[in-house]
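Data block for query11.tsv (TSV, C-alpha atoms and all ligand atoms):
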```tsv
chain	number	residue	atom	x	y	z
R	1	MET	CA	105.09	205.42	129.96
R	2	MET	CA	105.37	202.24	132.04
R	3	SER	CA	107.08	199.34	130.23
R	4	ARG	CA	105.44	195.95	130.11
R	5	ASN	CA	107.34	192.81	131.04
R	6	LEU	CA	106.86	189.20	130.03
R	7	ILE	CA	108.67	186.40	131.88
R	8	VAL	CA	108.80	183.07	130.07
R	9	ILE	CA	109.69	180.01	132.15
R	10	GLY	CA	111.53	177.37	130.11
R	11	GLY	CA	114.02	177.65	127.26
R	12	GLY	CA	113.04	174.48	125.39
R	13	ALA	CA	111.07	174.56	122.13
R	14	GLY	CA	107.99	176.37	123.39
R	15	GLY	CA	109.54	179.11	125.55
R	16	PRO	CA	111.67	180.89	122.95
R	17	SER	CA	108.87	180.49	120.35
R	18	ALA	CA	106.44	182.24	122.68
R	19	ALA	CA	109.01	184.93	123.55
R	20	ALA	CA	109.76	185.62	119.86
R	21	GLU	CA	106.08	185.82	118.94
R	22	ALA	CA	105.38	188.20	121.85
R	23	LYS	CA	108.30	190.42	120.79
R	24	ARG	CA	107.09	190.41	117.14
R	25	SER	CA	103.62	191.57	118.19
R	26	ASP	CA	105.00	194.20	120.61
R	27	PRO	CA	108.67	195.17	120.06
R	28	THR	CA	108.60	197.42	123.15
R	29	LEU	CA	107.85	194.47	125.43
R	30	GLU	CA	110.65	193.52	127.86
R	31	VAL	CA	110.95	189.73	127.54
R	32	THR	CA	112.98	187.54	129.91
R	33	ILE	CA	113.43	183.80	129.44
R	34	ILE	CA	114.32	181.79	132.55
R	35	GLU	CA	115.85	178.36	131.88
R	36	GLN	CA	116.93	176.05	134.70
R	37	GLY	CA	119.46	174.23	132.52
R	38	GLU	CA	122.68	175.51	130.97
R	39	ASN	CA	121.40	175.90	127.41
R	40	VAL	CA	118.36	177.23	125.59
R	41	SER	CA	116.94	175.68	122.45
R	42	TYR	CA	118.25	176.87	119.08
R	43	ALA	CA	116.93	176.22	115.57
R	44	ALA	CA	117.72	178.24	112.45
R	101	LIG	C1	113.12	160.99	123.68
R	101	LIG	C2	112.50	162.14	122.92
R	101	LIG	C3	112.84	162.33	121.59
R	101	LIG	C4	112.26	163.38	120.85
R	101	LIG	N1	112.62	163.54	119.54
R	101	LIG	C5	112.12	164.55	118.83
R	101	LIG	C6	112.53	164.76	117.48
R	101	LIG	O1	113.35	164.03	116.91
R	101	LIG	N2	111.97	165.79	116.79
R	101	LIG	C7	111.05	166.62	117.37
R	101	LIG	O2	110.59	167.56	116.69
R	101	LIG	N3	110.66	166.44	118.66
R	101	LIG	C8	111.16	165.44	119.40
R	101	LIG	N4	110.76	165.26	120.69
R	101	LIG	C9	109.73	166.14	121.25
R	101	LIG	C10	110.33	167.48	121.65
R	101	LIG	O3	111.46	167.26	122.48
R	101	LIG	C11	109.25	168.20	122.44
R	101	LIG	O4	108.06	168.27	121.71
R	101	LIG	C12	109.68	169.63	122.74
R	101	LIG	O5	110.98	169.66	123.32
R	101	LIG	C13	108.68	170.25	123.70
R	101	LIG	O6	109.12	171.56	123.96
R	101	LIG	P1	108.64	172.34	125.23
R	101	LIG	O7	109.23	173.72	125.12
R	101	LIG	O8	107.16	172.24	125.39
R	101	LIG	O9	109.25	171.54	126.48
R	101	LIG	P2	110.76	171.24	126.84
R	101	LIG	O10	111.61	171.02	125.64
R	101	LIG	O11	110.68	170.15	127.88
R	101	LIG	O12	111.27	172.59	127.51
R	101	LIG	C14	110.91	172.98	128.82
R	101	LIG	C15	112.09	173.73	129.41
R	101	LIG	O13	111.69	174.31	130.64
R	101	LIG	C16	112.74	174.21	131.56
R	101	LIG	N5	112.15	174.31	132.88
R	101	LIG	C17	111.25	173.47	133.45
R	101	LIG	N6	110.91	173.91	134.68
R	101	LIG	C18	111.61	175.07	134.87
R	101	LIG	C19	111.68	176.00	135.96
R	101	LIG	N7	110.96	175.85	137.07
R	101	LIG	N8	112.50	177.06	135.84
R	101	LIG	C20	113.24	177.24	134.70
R	101	LIG	N9	113.21	176.40	133.65
R	101	LIG	C21	112.40	175.33	133.73
R	101	LIG	C22	113.38	172.86	131.26
R	101	LIG	O14	114.72	172.82	131.70
R	101	LIG	C23	113.29	172.81	129.73
R	101	LIG	O15	114.45	173.33	129.10
R	101	LIG	C24	111.32	164.25	121.46
R	101	LIG	C25	111.00	164.04	122.81
R	101	LIG	C26	111.57	163.03	123.55
R	101	LIG	C27	111.22	162.83	125.01
```

Reformat the file's structure so that it appears as structure tokens.
Amino acid sequence: MMSRNLIVIGGGAGGPSAAAEAKRSDPTLEVTIIEQGENVSYAA
């Protein structure tokens, strides 16, 4: 079966939130976050 890919542009607050939610709703989804800076957002 063909895998589905999601590319999220931006690793601030919104990008990782969207990526996590997409992965929760479909764990088989291949998710890539592209961030232009050196760091992505982190919050516990
Ligand atoms: C001065 C200031 C103080 C703030 N203080 C607080 C606070 O105390 N508490 C709070 O909750 N909120 C605060 N905020 C608001 C908070 O920063 C924003 O609401 C939040 O960061 C928005 O997240 P975002 O993911 O939409 O955008 P951003 O955080 O702007 O993330 C977007 C990301 O996309 C990346 N990007 C953009 N273009 C590209 C590209 N072409 N390719 C790859 N990557 C790209 C950027 O590098 C960036 O990392 C503050 C905002 C400002 C300006």

Discussion item. One number please: CA of Met1 (chain R) to CA of Thr32 (chain R), in Å, one decimal.
Written reply: 19.5 Å

Discussion item. At a cut-off of 9 Å around ligand LIG 101 (chain R), and using all atoms listed in the file, what residues come up? Please write them as a ChimeraX atom specification.
Written reply: /R:8-17,33-41

May I have the residues from that selection written out with C-alpha atoms, as a compact mmCIF listing (two decimals), keeping the file's coordinate frame?
```txt
# COMPACT_ATOMS: atom_id res chain seq x y z
CA VAL R 8 108.80 183.07 130.07
CA ILE R 9 109.69 180.01 132.15
CA GLY R 10 111.53 177.37 130.11
CA GLY R 11 114.02 177.65 127.26
CA GLY R 12 113.04 174.48 125.39
CA ALA R 13 111.07 174.56 122.13
CA GLY R 14 107.99 176.37 123.39
CA GLY R 15 109.54 179.11 125.55
CA PRO R 16 111.67 180.89 122.95
CA SER R 17 108.87 180.49 120.35
CA ILE R 33 113.43 183.80 129.44
CA ILE R 34 114.32 181.79 132.55
CA GLU R 35 115.85 178.36 131.88
CA GLN R 36 116.93 176.05 134.70
CA GLY R 37 119.46 174.23 132.52
CA GLU R 38 122.68 175.51 130.97
CA ASN R 39 121.40 175.90 127.41
CA VAL R 40 118.36 177.23 125.59
CA SER R 41 116.94 175.68 122.45
```

Practice prompt. Could you check how far CA of Arg4 (chain R) sits from CA of Ala44 (chain R), in Å to one decimal?
Written response: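 Going from CA of Arg4 (chain R) over to CA of Ala44 (chain R), I get 27.9 Å.
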
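Rounded to one decimal, CA of Ser3 (chain R) and CA of Ala19 (chain R) lie 16.0 Å from each other.
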
Worksheet item: Nearest to Asn5 (chain R): which of R:Glu30, R:Arg24, R:Ala43, R:Ala18 is it, counting only C-alpha atoms?
Response: R:Glu30
